[in-house]
Amino acid sequence: PGQMSAQELMDARRLRGMVQPKKIYLFGTPISQSPSPAMHNAGFGRLLLPHLYELRESADVGVYAELLQEEDFGGASVTIPHKEAIIPFLDKVDGPAADIGAVNTIEVREDADGNRVLVGHNTDWIGIRNPVLSRMPPPSVRGELGLVIGAGGTARAAAYAIRSMGLGLLVYNRTPEKAREVADAFGGTALDSLNDVDAASLAAVVCTVPSKAGVTVPHGLLSSRPVVLDAAYKPPLTS
């Protein structure tokens, strides 16, 4: 009795300027089906935080330049096709993001002098590495190669993840030149066809292209039962 509730405390902190409401966004396209706003806003509500997570869809990365400088900008998630193109708009990128050359998270920080700094991170590679690594059998009974399908920002993160697991890297993309760019960046080999792969050598397959691309993995490629991760979550079953 006589004590303020958690909600009253948070309201008081907000009124005193101790908690500034921020807007956090998802940048990319197509993103209308993303569950991110529901998840993040539920989290903010549960923690009694006054922030708002919104979709900001555009095929033109330039439209985000002004938004990044707004006072209430609190950060962003970045998805296709902007994971690489957003980097010039940031003040710095952290180690893995710099190595990968793609960003999926923008953080707002203050430096030692109180200046606002936009920092790019990449957590995609962790989200790929951890579930794949946890399901791989011991090295003595598995292949020694990882196959990445795609050549965009997520594919670069997948290539980084494959190499971090100590696997050799194969990259396939319908545009061979783009596959070579990713393979060259991470010390791998580009493939002209998925039929060029020795199935017995595969430990992991990571597909990073959207389902609408219509990529189908040959059934024989999975005969040695490598760990398979498909980055597309719609539809629930992909091929």
# chains A, B, ... in the order shown; residues from 1 in each chain; ligands from 1
call {"tool": "residues_around", "arguments": {"residues": "region 142-144 of chain A", "least_positions_apart": "4", "cutoff": "10 Å", "atoms": "only C-alpha atoms", "output": "ChimeraX atom specification"}}
result
/A:136-138,166-169,198-204,224-227
call {"tool": "residues_around", "arguments": {"residues": "Gly17 (chain A)", "least_positions_apart": "6", "cutoff": "12 Å", "atoms": "only C-alpha atoms", "output": "PDB file with C-alpha atoms, in the first residue's frame"}}
result
ATOM      1  CA  MET A  10       7.450   4.064 -15.939  1.00  0.00           C
ATOM      2  CA  ASP A  11       4.950   6.853 -16.643  1.00  0.00           C
ATOM      3  CA  PRO A  50       7.127   3.564 -24.644  1.00  0.00           C
TER       4      PRO A  50
END
call {"tool": "atom_distance", "arguments": {"atom1": "CA of Leu221 (chain A)", "atom2": "CA of Leu191 (chain A)"}}
result
13.6 Å
call {"tool": "residues_around", "arguments": {"residues": "Thr216 (chain A)", "least_positions_apart": "4", "cutoff": "12 Å", "atoms": "only C-alpha atoms", "output": "ChimeraX atom specification"}}
result
/A:149,173-174,193-195,207,209-212,220-222,230,237-239
call {"tool": "select_by_dssp", "arguments": {"residues": "region 64-144 of chain A", "states": "strand (DSSP E)", "output": "mmCIF file with C-alpha atoms, in the first residue's frame"}}
result
data_model
loop_
_atom_site.group_PDB
_atom_site.id
_atom_site.type_symbol
_atom_site.label_atom_id
_atom_site.label_comp_id
_atom_site.auth_asym_id
_atom_site.auth_seq_id
_atom_site.Cartn_x
_atom_site.Cartn_y
_atom_site.Cartn_z
ATOM 1 C CA PHE A 73 15.101 7.134 -34.334
ATOM 2 C CA GLY A 74 15.953 4.278 -31.978
ATOM 3 C CA GLY A 75 17.405 1.692 -34.347
ATOM 4 C CA ALA A 76 16.392 -0.613 -37.155
ATOM 5 C CA SER A 77 16.351 -4.115 -38.507
ATOM 6 C CA VAL A 78 17.503 -4.349 -42.124
ATOM 7 C CA LYS A 92 30.634 2.591 -38.432
ATOM 8 C CA VAL A 93 30.142 -1.149 -38.646
ATOM 9 C CA THR A 105 20.818 -4.333 -37.355
ATOM 10 C CA ILE A 106 21.372 -0.614 -36.768
ATOM 11 C CA GLU A 107 22.145 0.532 -33.236
ATOM 12 C CA VAL A 108 22.128 4.122 -31.985
ATOM 13 C CA ARG A 109 24.990 4.835 -29.574
ATOM 14 C CA GLU A 110 26.660 7.817 -27.969
ATOM 15 C CA ARG A 116 25.205 10.254 -31.740
ATOM 16 C CA VAL A 117 26.711 7.299 -33.637
ATOM 17 C CA LEU A 118 24.917 4.872 -35.954
ATOM 18 C CA VAL A 119 26.521 1.430 -35.733
ATOM 19 C CA GLY A 120 25.814 -1.468 -38.075
ATOM 20 C CA HIS A 121 25.861 -5.059 -36.840
#
call {"tool": "atom_distance", "arguments": {"atom1": "CA of Gly146 (chain A)", "atom2": "CA of His82 (chain A)"}}
result
25.1 Å
call {"tool": "closest_residue", "arguments": {"among": "A:Ala161, A:Val19, A:Leu90, A:Ala112", "to": "Leu49 (chain A)", "atoms": "only C-alpha atoms"}}
result
A:Val19
call {"tool": "atom_distance", "arguments": {"atom1": "CA of Tyr64 (chain A)", "atom2": "CA of Phe27 (chain A)"}}
result
8.0 Å
call {"tool": "select_by_dssp", "arguments": {"residues": "chain A", "states": "alpha helix (DSSP H)", "output": "MDAnalysis selection string"}}
result
chainID A and resid 6:15 36:46 64:68 95:100 124:135 153:164 176:185
call {"tool": "decode", "arguments": {"residues": "region 62-201 of chain A", "atoms": "C-alpha atoms", "output": "PDB file, in the first residue's frame"}}
result
ATOM      1  CA  GLY A  62      17.921   6.457 -50.076  1.00  0.00           C
ATOM      2  CA  VAL A  63      14.539   7.130 -48.480  1.00  0.00           C
ATOM      3  CA  TYR A  64      15.978   6.041 -45.129  1.00  0.00           C
ATOM      4  CA  ALA A  65      18.724   8.682 -45.027  1.00  0.00           C
ATOM      5  CA  GLU A  66      16.562  11.377 -43.420  1.00  0.00           C
ATOM      6  CA  LEU A  67      14.841   8.897 -41.121  1.00  0.00           C
ATOM      7  CA  LEU A  68      18.184   7.780 -39.679  1.00  0.00           C
ATOM      8  CA  GLN A  69      18.855  11.321 -38.502  1.00  0.00           C
ATOM      9  CA  GLU A  70      15.521  11.910 -36.763  1.00  0.00           C
ATOM     10  CA  GLU A  71      15.803  12.512 -33.022  1.00  0.00           C
ATOM     11  CA  ASP A  72      13.397   9.725 -32.114  1.00  0.00           C
ATOM     12  CA  PHE A  73      15.101   7.134 -34.334  1.00  0.00           C
ATOM     13  CA  GLY A  74      15.953   4.278 -31.978  1.00  0.00           C
ATOM     14  CA  GLY A  75      17.405   1.692 -34.347  1.00  0.00           C
ATOM     15  CA  ALA A  76      16.392  -0.613 -37.155  1.00  0.00           C
ATOM     16  CA  SER A  77      16.351  -4.115 -38.507  1.00  0.00           C
ATOM     17  CA  VAL A  78      17.503  -4.349 -42.124  1.00  0.00           C
ATOM     18  CA  THR A  79      16.450  -6.995 -44.613  1.00  0.00           C
ATOM     19  CA  ILE A  80      16.608  -7.554 -48.358  1.00  0.00           C
ATOM     20  CA  PRO A  81      17.515  -5.775 -50.535  1.00  0.00           C
ATOM     21  CA  HIS A  82      19.288  -3.205 -48.314  1.00  0.00           C
ATOM     22  CA  LYS A  83      21.747  -5.142 -46.134  1.00  0.00           C
ATOM     23  CA  GLU A  84      24.713  -3.991 -48.198  1.00  0.00           C
ATOM     24  CA  ALA A  85      23.363  -0.707 -49.561  1.00  0.00           C
ATOM     25  CA  ILE A  86      22.595   0.731 -46.098  1.00  0.00           C
ATOM     26  CA  ILE A  87      26.254   0.720 -44.991  1.00  0.00           C
ATOM     27  CA  PRO A  88      27.244   4.122 -46.493  1.00  0.00           C
ATOM     28  CA  PHE A  89      24.544   5.776 -44.374  1.00  0.00           C
ATOM     29  CA  LEU A  90      26.102   4.537 -41.104  1.00  0.00           C
ATOM     30  CA  ASP A  91      28.957   5.956 -39.033  1.00  0.00           C
ATOM     31  CA  LYS A  92      30.634   2.591 -38.432  1.00  0.00           C
ATOM     32  CA  VAL A  93      30.142  -1.149 -38.646  1.00  0.00           C
ATOM     33  CA  ASP A  94      31.336  -3.732 -36.140  1.00  0.00           C
ATOM     34  CA  GLY A  95      33.863  -6.490 -36.901  1.00  0.00           C
ATOM     35  CA  PRO A  96      31.690  -9.302 -38.325  1.00  0.00           C
ATOM     36  CA  ALA A  97      29.497  -6.855 -40.257  1.00  0.00           C
ATOM     37  CA  ALA A  98      32.589  -5.286 -41.796  1.00  0.00           C
ATOM     38  CA  ASP A  99      33.979  -8.698 -42.736  1.00  0.00           C
ATOM     39  CA  ILE A 100      30.652  -9.848 -44.150  1.00  0.00           C
ATOM     40  CA  GLY A 101      29.948  -6.569 -45.917  1.00  0.00           C
ATOM     41  CA  ALA A 102      26.298  -6.578 -44.860  1.00  0.00           C
ATOM     42  CA  VAL A 103      24.254  -5.218 -41.954  1.00  0.00           C
ATOM     43  CA  ASN A 104      20.985  -6.495 -40.510  1.00  0.00           C
ATOM     44  CA  THR A 105      20.818  -4.333 -37.355  1.00  0.00           C
ATOM     45  CA  ILE A 106      21.372  -0.614 -36.768  1.00  0.00           C
ATOM     46  CA  GLU A 107      22.145   0.532 -33.236  1.00  0.00           C
ATOM     47  CA  VAL A 108      22.128   4.122 -31.985  1.00  0.00           C
ATOM     48  CA  ARG A 109      24.990   4.835 -29.574  1.00  0.00           C
ATOM     49  CA  GLU A 110      26.660   7.817 -27.969  1.00  0.00           C
ATOM     50  CA  ASP A 111      30.429   8.182 -28.133  1.00  0.00           C
ATOM     51  CA  ALA A 112      32.627   9.454 -25.287  1.00  0.00           C
ATOM     52  CA  ASP A 113      31.813  13.046 -26.267  1.00  0.00           C
ATOM     53  CA  GLY A 114      28.072  12.464 -26.302  1.00  0.00           C
ATOM     54  CA  ASN A 115      27.810  12.443 -30.091  1.00  0.00           C
ATOM     55  CA  ARG A 116      25.205  10.254 -31.740  1.00  0.00           C
ATOM     56  CA  VAL A 117      26.711   7.299 -33.637  1.00  0.00           C
ATOM     57  CA  LEU A 118      24.917   4.872 -35.954  1.00  0.00           C
ATOM     58  CA  VAL A 119      26.521   1.430 -35.733  1.00  0.00           C
ATOM     59  CA  GLY A 120      25.814  -1.468 -38.075  1.00  0.00           C
ATOM     60  CA  HIS A 121      25.861  -5.059 -36.840  1.00  0.00           C
ATOM     61  CA  ASN A 122      25.351  -8.439 -38.448  1.00  0.00           C
ATOM     62  CA  THR A 123      23.686 -11.144 -36.383  1.00  0.00           C
ATOM     63  CA  ASP A 124      22.534 -13.221 -39.365  1.00  0.00           C
ATOM     64  CA  TRP A 125      25.699 -15.299 -39.308  1.00  0.00           C
ATOM     65  CA  ILE A 126      25.113 -16.243 -35.662  1.00  0.00           C
ATOM     66  CA  GLY A 127      21.514 -17.184 -36.413  1.00  0.00           C
ATOM     67  CA  ILE A 128      22.803 -19.446 -39.173  1.00  0.00           C
ATOM     68  CA  ARG A 129      25.854 -20.903 -37.449  1.00  0.00           C
ATOM     69  CA  ASN A 130      24.311 -21.860 -34.103  1.00  0.00           C
ATOM     70  CA  PRO A 131      21.397 -24.046 -35.272  1.00  0.00           C
ATOM     71  CA  VAL A 132      23.485 -25.654 -38.035  1.00  0.00           C
ATOM     72  CA  LEU A 133      26.446 -26.373 -35.774  1.00  0.00           C
ATOM     73  CA  SER A 134      24.249 -27.809 -33.028  1.00  0.00           C
ATOM     74  CA  ARG A 135      22.819 -30.365 -35.469  1.00  0.00           C
ATOM     75  CA  MET A 136      25.983 -31.452 -37.242  1.00  0.00           C
ATOM     76  CA  PRO A 137      27.459 -34.844 -36.387  1.00  0.00           C
ATOM     77  CA  PRO A 138      31.132 -35.191 -35.380  1.00  0.00           C
ATOM     78  CA  PRO A 139      33.715 -34.366 -38.101  1.00  0.00           C
ATOM     79  CA  SER A 140      34.644 -38.036 -38.448  1.00  0.00           C
ATOM     80  CA  VAL A 141      31.206 -38.945 -39.814  1.00  0.00           C
ATOM     81  CA  ARG A 142      30.242 -35.891 -41.846  1.00  0.00           C
ATOM     82  CA  GLY A 143      31.275 -34.083 -45.004  1.00  0.00           C
ATOM     83  CA  GLU A 144      33.764 -31.252 -45.018  1.00  0.00           C
ATOM     84  CA  LEU A 145      31.941 -28.701 -47.190  1.00  0.00           C
ATOM     85  CA  GLY A 146      29.133 -26.199 -46.725  1.00  0.00           C
ATOM     86  CA  LEU A 147      26.974 -25.071 -49.654  1.00  0.00           C
ATOM     87  CA  VAL A 148      25.440 -21.577 -49.754  1.00  0.00           C
ATOM     88  CA  ILE A 149      22.691 -20.873 -52.272  1.00  0.00           C
ATOM     89  CA  GLY A 150      22.321 -17.183 -53.080  1.00  0.00           C
ATOM     90  CA  ALA A 151      24.631 -14.194 -53.367  1.00  0.00           C
ATOM     91  CA  GLY A 152      23.050 -11.321 -51.429  1.00  0.00           C
ATOM     92  CA  GLY A 153      23.685  -9.971 -47.952  1.00  0.00           C
ATOM     93  CA  THR A 154      22.260 -13.046 -46.214  1.00  0.00           C
ATOM     94  CA  ALA A 155      24.364 -15.307 -48.430  1.00  0.00           C
ATOM     95  CA  ARG A 156      27.468 -13.405 -47.376  1.00  0.00           C
ATOM     96  CA  ALA A 157      26.533 -13.959 -43.725  1.00  0.00           C
ATOM     97  CA  ALA A 158      25.963 -17.645 -44.469  1.00  0.00           C
ATOM     98  CA  ALA A 159      29.380 -17.887 -46.132  1.00  0.00           C
ATOM     99  CA  TYR A 160      30.974 -16.277 -43.079  1.00  0.00           C
ATOM    100  CA  ALA A 161      29.122 -18.752 -40.845  1.00  0.00           C
ATOM    101  CA  ILE A 162      30.217 -21.740 -42.918  1.00  0.00           C
ATOM    102  CA  ARG A 163      33.839 -20.656 -42.750  1.00  0.00           C
ATOM    103  CA  SER A 164      33.569 -20.012 -38.990  1.00  0.00           C
ATOM    104  CA  MET A 165      32.587 -23.659 -38.566  1.00  0.00           C
ATOM    105  CA  GLY A 166      35.786 -24.787 -40.255  1.00  0.00           C
ATOM    106  CA  LEU A 167      34.042 -26.011 -43.412  1.00  0.00           C
ATOM    107  CA  GLY A 168      35.083 -25.486 -46.991  1.00  0.00           C
ATOM    108  CA  LEU A 169      32.729 -23.192 -48.893  1.00  0.00           C
ATOM    109  CA  LEU A 170      30.730 -23.740 -52.080  1.00  0.00           C
ATOM    110  CA  VAL A 171      28.505 -20.979 -53.479  1.00  0.00           C
ATOM    111  CA  TYR A 172      25.762 -21.325 -56.077  1.00  0.00           C
ATOM    112  CA  ASN A 173      23.697 -18.535 -57.586  1.00  0.00           C
ATOM    113  CA  ARG A 174      21.701 -18.333 -60.772  1.00  0.00           C
ATOM    114  CA  THR A 175      23.967 -15.435 -61.756  1.00  0.00           C
ATOM    115  CA  PRO A 176      27.424 -17.064 -61.774  1.00  0.00           C
ATOM    116  CA  GLU A 177      29.294 -13.763 -61.534  1.00  0.00           C
ATOM    117  CA  LYS A 178      27.614 -12.968 -58.225  1.00  0.00           C
ATOM    118  CA  ALA A 179      28.374 -16.439 -56.902  1.00  0.00           C
ATOM    119  CA  ARG A 180      32.039 -15.880 -57.736  1.00  0.00           C
ATOM    120  CA  GLU A 181      32.042 -12.553 -55.893  1.00  0.00           C
ATOM    121  CA  VAL A 182      30.827 -14.206 -52.678  1.00  0.00           C
ATOM    122  CA  ALA A 183      33.076 -17.221 -53.086  1.00  0.00           C
ATOM    123  CA  ASP A 184      36.134 -15.056 -53.693  1.00  0.00           C
ATOM    124  CA  ALA A 185      35.357 -12.869 -50.674  1.00  0.00           C
ATOM    125  CA  PHE A 186      35.328 -15.853 -48.311  1.00  0.00           C
ATOM    126  CA  GLY A 187      37.868 -18.184 -49.858  1.00  0.00           C
ATOM    127  CA  GLY A 188      35.337 -20.520 -51.438  1.00  0.00           C
ATOM    128  CA  THR A 189      34.471 -22.032 -54.802  1.00  0.00           C
ATOM    129  CA  ALA A 190      31.657 -20.880 -57.072  1.00  0.00           C
ATOM    130  CA  LEU A 191      29.476 -23.465 -58.797  1.00  0.00           C
ATOM    131  CA  ASP A 192      27.878 -23.202 -62.215  1.00  0.00           C
ATOM    132  CA  SER A 193      25.331 -25.904 -61.335  1.00  0.00           C
ATOM    133  CA  LEU A 194      24.049 -27.658 -58.239  1.00  0.00           C
ATOM    134  CA  ASN A 195      24.679 -30.887 -60.104  1.00  0.00           C
ATOM    135  CA  ASP A 196      28.433 -30.204 -59.800  1.00  0.00           C
ATOM    136  CA  VAL A 197      28.413 -31.021 -56.066  1.00  0.00           C
ATOM    137  CA  ASP A 198      29.616 -34.315 -54.608  1.00  0.00           C
ATOM    138  CA  ALA A 199      26.772 -35.017 -52.188  1.00  0.00           C
ATOM    139  CA  ALA A 200      28.945 -37.124 -49.902  1.00  0.00           C
ATOM    140  CA  SER A 201      31.175 -34.119 -49.205  1.00  0.00           C
TER     141      SER A 201
END
